[in-house]
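Asks: Below is the file upload_5.txt, which contains compact mmCIF, C-alpha atoms.
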```txt
# COMPACT_ATOMS: atom_id res chain seq x y z
CA MET A 1 108.38 109.31 78.88
CA LEU A 2 107.92 112.93 79.78
CA MET A 3 105.96 113.87 82.87
CA THR A 4 104.23 117.24 82.89
CA ILE A 5 102.93 119.19 85.86
CA ARG A 6 99.89 121.23 84.98
CA PRO A 7 96.97 122.96 86.69
CA TYR A 8 94.14 120.74 87.88
CA ARG A 9 91.09 120.62 85.61
CA PRO A 10 87.59 119.63 86.82
CA ASN A 11 87.55 116.49 84.64
CA ASP A 12 90.68 115.29 86.52
CA TRP A 13 88.73 114.57 89.70
CA PRO A 14 87.80 110.90 89.06
CA ALA A 15 91.43 109.96 88.36
CA LEU A 16 92.66 112.08 91.26
CA TRP A 17 90.15 110.58 93.68
CA ALA A 18 91.24 107.10 92.56
CA PHE A 19 94.58 107.59 94.31
CA LEU A 20 93.61 110.14 96.96
CA GLU A 21 90.94 107.81 98.34
CA PRO A 22 93.25 104.92 99.32
CA THR A 23 95.77 107.40 100.72
CA PHE A 24 93.16 109.02 102.94
CA ARG A 25 91.49 105.70 103.85
CA SER A 26 94.79 104.23 105.07
CA GLY A 27 94.93 106.93 107.74
CA ASP A 28 98.71 106.77 108.11
CA THR A 29 99.86 110.02 106.48
CA TYR A 30 96.98 112.52 106.30
CA ALA A 31 94.66 113.70 109.05
CA TYR A 32 91.57 113.66 106.83
CA PRO A 33 88.81 111.41 108.21
CA ARG A 34 89.31 107.86 106.95
CA HIS A 35 85.66 107.76 105.86
CA ILE A 36 85.92 111.01 103.85
CA THR A 37 83.64 111.09 100.81
CA SER A 38 84.65 112.09 97.32
CA ASP A 39 82.73 115.36 97.64
CA GLU A 40 84.33 116.17 101.00
CA ALA A 41 87.79 115.35 99.66
CA HIS A 42 87.19 117.49 96.58
CA ALA A 43 86.11 120.41 98.77
CA ALA A 44 89.26 120.06 100.89
CA TRP A 45 91.88 119.24 98.23
CA VAL A 46 90.62 121.44 95.40
CA GLY A 47 87.91 123.77 96.70
CA ALA A 48 89.65 125.10 99.82
CA THR A 49 92.99 125.72 98.14
CA GLN A 50 94.42 128.56 96.11
CA ALA A 51 95.97 126.32 93.47
CA CYS A 52 95.91 122.62 92.67
CA TRP A 53 98.25 120.92 90.23
CA VAL A 54 98.62 117.41 88.83
CA ALA A 55 101.52 115.39 87.48
CA GLU A 56 100.57 113.65 84.26
CA GLN A 57 102.32 111.21 81.98
CA GLU A 58 100.75 110.00 78.74
CA GLY A 59 97.30 111.03 79.96
CA ARG A 60 97.64 109.26 83.34
CA LEU A 61 97.64 111.25 86.57
CA LEU A 62 100.55 110.25 88.81
CA GLY A 63 100.42 112.82 91.58
CA THR A 64 98.98 116.07 92.83
CA TYR A 65 99.63 118.98 95.12
CA TYR A 66 97.79 122.00 96.45
CA VAL A 67 98.95 125.36 97.75
CA LYS A 68 96.93 127.54 100.11
CA PRO A 69 97.59 130.19 102.74
CA ASN A 70 98.73 128.57 105.98
CA GLN A 71 97.01 131.28 108.03
CA PRO A 72 94.86 134.31 107.23
CA GLY A 73 95.88 137.93 107.63
CA GLN A 74 99.28 138.45 109.18
CA GLY A 75 100.29 134.84 108.43
CA SER A 76 99.09 134.76 104.83
CA HIS A 77 102.58 135.24 103.36
CA VAL A 78 103.32 131.64 104.39
CA CYS A 79 101.67 128.90 102.39
CA ASN A 80 100.82 125.32 103.19
CA ALA A 81 101.03 122.53 100.65
CA GLY A 82 100.02 118.89 100.45
CA TYR A 83 101.25 116.18 98.08
CA VAL A 84 100.06 112.73 97.08
CA VAL A 85 101.61 110.39 94.52
CA CYS A 86 99.67 107.36 93.32
CA ALA A 87 101.01 104.14 94.84
CA SER A 88 102.16 102.65 91.52
CA ALA A 89 104.28 105.73 90.74
CA ARG A 90 106.06 106.15 94.08
CA GLY A 91 109.84 106.04 94.20
CA GLN A 92 110.22 107.70 90.79
CA GLY A 93 111.00 111.27 91.91
CA ILE A 94 107.46 112.55 91.39
CA ALA A 95 107.04 113.92 94.92
CA ALA A 96 110.35 115.77 94.60
CA ALA A 97 109.26 117.23 91.25
CA LEU A 98 105.90 118.27 92.69
CA CYS A 99 107.50 119.90 95.73
CA THR A 100 110.04 121.77 93.62
CA HIS A 101 107.27 122.93 91.26
CA SER A 102 105.08 124.00 94.19
CA GLN A 103 107.81 126.23 95.59
CA THR A 104 108.16 128.03 92.25
CA GLU A 105 104.39 128.43 92.00
CA ALA A 106 104.15 129.61 95.60
CA LEU A 107 106.71 132.34 94.91
CA GLN A 108 104.71 133.40 91.86
CA LEU A 109 101.58 133.54 94.03
CA GLY A 110 103.38 135.92 96.39
CA TYR A 111 104.26 133.56 99.25
CA ARG A 112 107.59 134.02 100.99
CA ALA A 113 107.71 130.75 102.93
CA MET A 114 106.14 127.28 103.00
CA GLN A 115 105.10 125.31 106.07
CA PHE A 116 104.02 121.71 106.47
CA ASN A 117 101.89 121.53 109.61
CA LEU A 118 101.59 117.80 110.25
CA VAL A 119 104.18 115.46 108.74
CA VAL A 120 103.68 112.14 110.49
CA SER A 121 106.89 110.97 112.17
CA SER A 122 106.48 107.45 110.80
CA ASN A 123 106.49 108.85 107.24
CA THR A 124 110.28 108.74 107.18
CA ALA A 125 110.55 108.85 103.39
CA ALA A 126 108.61 112.13 103.23
CA LEU A 127 110.56 113.63 106.13
CA ALA A 128 113.86 112.75 104.45
CA LEU A 129 112.69 114.13 101.10
CA TRP A 130 111.42 117.42 102.51
CA GLN A 131 114.67 117.93 104.40
CA ARG A 132 116.69 117.09 101.29
CA LEU A 133 114.68 119.80 99.50
CA GLY A 134 115.68 122.39 102.12
CA PHE A 135 112.89 122.22 104.70
CA SER A 136 113.81 122.32 108.37
CA VAL A 137 111.99 120.50 111.14
CA VAL A 138 111.03 123.42 113.37
CA GLY A 139 108.81 121.57 115.78
CA ARG A 140 107.73 118.17 116.98
CA LEU A 141 104.18 117.66 118.23
CA PRO A 142 104.11 114.77 120.73
CA GLY A 143 101.29 112.31 120.07
CA ALA A 144 99.57 114.71 117.64
CA PHE A 145 98.68 112.07 115.05
CA CYS A 146 96.42 109.10 115.74
CA HIS A 147 97.97 106.39 113.56
CA PRO A 148 95.63 103.43 112.90
CA GLN A 149 98.32 100.82 113.72
CA ARG A 150 100.77 102.67 115.96
CA GLY A 151 98.39 104.74 118.07
CA ASP A 152 99.25 108.32 118.99
CA ILE A 153 102.57 109.21 117.40
CA ASP A 154 104.49 112.42 116.90
CA ALA A 155 104.05 114.78 113.98
CA CYS A 156 106.59 117.28 112.72
CA VAL A 157 106.22 120.87 111.54
CA LEU A 158 108.53 121.76 108.65
CA TYR A 159 109.34 125.20 107.29
CA LYS A 160 111.26 126.74 104.44
CA HIS A 161 111.87 130.34 103.41
CA LEU A 162 111.26 130.38 99.69
CA ASP A 163 113.92 133.03 99.16
CA GLY A 164 116.60 130.52 100.16
CA ALA A 165 117.08 131.61 103.78
CA GLN A 166 117.20 128.72 106.24
CA ALA A 167 114.67 128.28 109.03
CA VAL A 168 116.15 128.15 112.50
CA SER A 169 114.90 125.57 114.99
CA SER A 170 114.09 126.82 118.43
```
Would you write out, as structure tokens, the structure that this file holds?

Replies:
Amino acid sequence: MLMTIRPYRPNDWPALWAFLEPTFRSGDTYAYPRHITSDEAHAAWVGATQACWVAEQEGRLLGTYYVKPNQPGQGSHVCNAGYVVCASARGQGIAAALCTHSQTEALQLGYRAMQFNLVVSSNTAALALWQRLGFSVVGRLPGAFCHPQRGDIDACVLYKHLDGAQAVSS
């Protein structure tokens, strides 16, 4: 079965919200409020981004990502991205495909680097994947994430030059 990655369309929202909602409600990987509404999530995931894409297989949405400037003005050449894969499709390489696709799209949008601002330290699978895909951990933020079961835990900042240059940790 062939998976395609395509631009988000407005009629995708109900299917997208169906797997974004439990991800956000769990409170263990994203800093969105656990009580976020569908409208608030739509405004954040789709409305406040430059591009939103979905992974689809046989008409079923399996994952999504967004790309947006990480900072305005002098920092706008660096983008930020977020990824979610529906629970039933995890472990199938979808996040890796989305991340690889997002880097190509980011280059086409004029970005020269990508930064992940808050990767929760307990999300070891994501940290390992991002590093395998060439991102460097450039900072660790002590106690920056309030995990619902673990309390305040560290979050990591990851960075990658999209031209292939490696980030250097300080």

Asks: Taking only residues of segment 74-148 of chain A that have an atom at most 8 Å from an atom of segment 157-160 of chain A, what is each one's shortest atom pair and its distance in Å to one decimal, using only C-alpha atoms, in chain and number order, as a Markdown table?

Replies:
```
| residue | atom | partner | partner_atom | distance |
| --- | --- | --- | --- | --- |
| A:Ala113 | CA | A:Lys160 | CA | 5.6 |
| A:Met114 | CA | A:Lys160 | CA | 5.3 |
| A:Gln115 | CA | A:Tyr159 | CA | 4.4 |
| A:Phe116 | CA | A:Leu158 | CA | 5.0 |
| A:Asn117 | CA | A:Val157 | CA | 4.8 |
| A:Leu118 | CA | A:Val157 | CA | 5.7 |
| A:Val119 | CA | A:Val157 | CA | 6.4 |
| A:Gly134 | CA | A:Lys160 | CA | 6.6 |
| A:Phe135 | CA | A:Lys160 | CA | 4.8 |
| A:Ser136 | CA | A:Leu158 | CA | 5.3 |
| A:Val137 | CA | A:Leu158 | CA | 4.4 |
| A:Val138 | CA | A:Leu158 | CA | 5.6 |
| A:Gly139 | CA | A:Val157 | CA | 5.0 |
| A:Arg140 | CA | A:Val157 | CA | 6.3 |
| A:Leu141 | CA | A:Val157 | CA | 7.7 |
```

Asks: Would you compute the distance between atom CA of Gly27 of chain A and atom CA of Cys86 of chain A? Give it in Å to one decimal.

Replies: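 Calculated distance between atom CA of Gly27 of chain A and atom CA of Cys86 of chain A is 15.2 Å.
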
Asks: Which one of A:Gln131, A:Thr29, A:Ser121, A:Thr4 sits closest to Ala155 of chain A if you count only C-alpha atoms?

Replies: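 The closest residue to Ala155 of chain A is A:Ser121.
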
Asks: Select, from A:Phe145, A:Phe19, A:Tyr83, A:Phe24, the residue with the minimum atom-to-atom distance to His101 of chain A, counting all atoms listed in the file.

Replies: A:Tyr83

Asks: By how many Å are atom CA of Thr37 of chain A and atom CA of Ala144 of chain A apart?

Replies: 23.5 Å

Asks: Would you work out the distance separating atom CA of Gln50 of chain A from atom CA of Pro69 of chain A, expressed in Å to one decimal?

Replies: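 About the pair atom CA of Gln50 of chain A and atom CA of Pro69 of chain A: they are 7.5 Å apart.
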
Asks: Considering all atoms listed in the file, return as a PyMOL selection string whatever protein or nucleic-acid residues lie within 12 Å of Glu105 of chain A, sequence-local ones (same chain, fewer than 4 positions apart) excluded.

Replies: chain A and resi 5-7+50-53+65-68+79+81+98-101+109-114+162

Asks: List the spatial neighbours of Arg60 of chain A as a PDB file with C-alpha atoms, in the coordinates of the input - criterion: any atom at most 10 Å away, all atoms listed in the file, same-chain residues fewer than 4 positions off excluded.

Replies:
```pdb
ATOM      1  CA  MET A   3     105.960 113.870  82.870  1.00  0.00           C
ATOM      2  CA  ASP A  12      90.680 115.290  86.520  1.00  0.00           C
ATOM      3  CA  ALA A  15      91.430 109.960  88.360  1.00  0.00           C
ATOM      4  CA  LEU A  16      92.660 112.080  91.260  1.00  0.00           C
ATOM      5  CA  VAL A  54      98.620 117.410  88.830  1.00  0.00           C
ATOM      6  CA  ALA A  55     101.520 115.390  87.480  1.00  0.00           C
ATOM      7  CA  GLU A  56     100.570 113.650  84.260  1.00  0.00           C
TER       8      GLU A  56
END
```

Asks: Find the axis-aligned box for segment 15-20 of chain A, covering all its listed atoms and adding 4 Å on each side, and write its centre and edge lengths in Å to one decimal as lines of an AutoDock Vina configuration file.

Replies:
```
center_x = 92.4
center_y = 109.6
center_z = 92.7
size_x = 12.4
size_y = 13.0
size_z = 16.6
```

Asks: Using all atoms listed in the file, pick whichever of A:Ser26, A:Ile36, A:Asn80, A:Gln74 has the shortest atom-to-atom distance to Ala48 of chain A.

Replies: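 That would be A:Asn80, the residue with the smallest distance to Ala48 of chain A.
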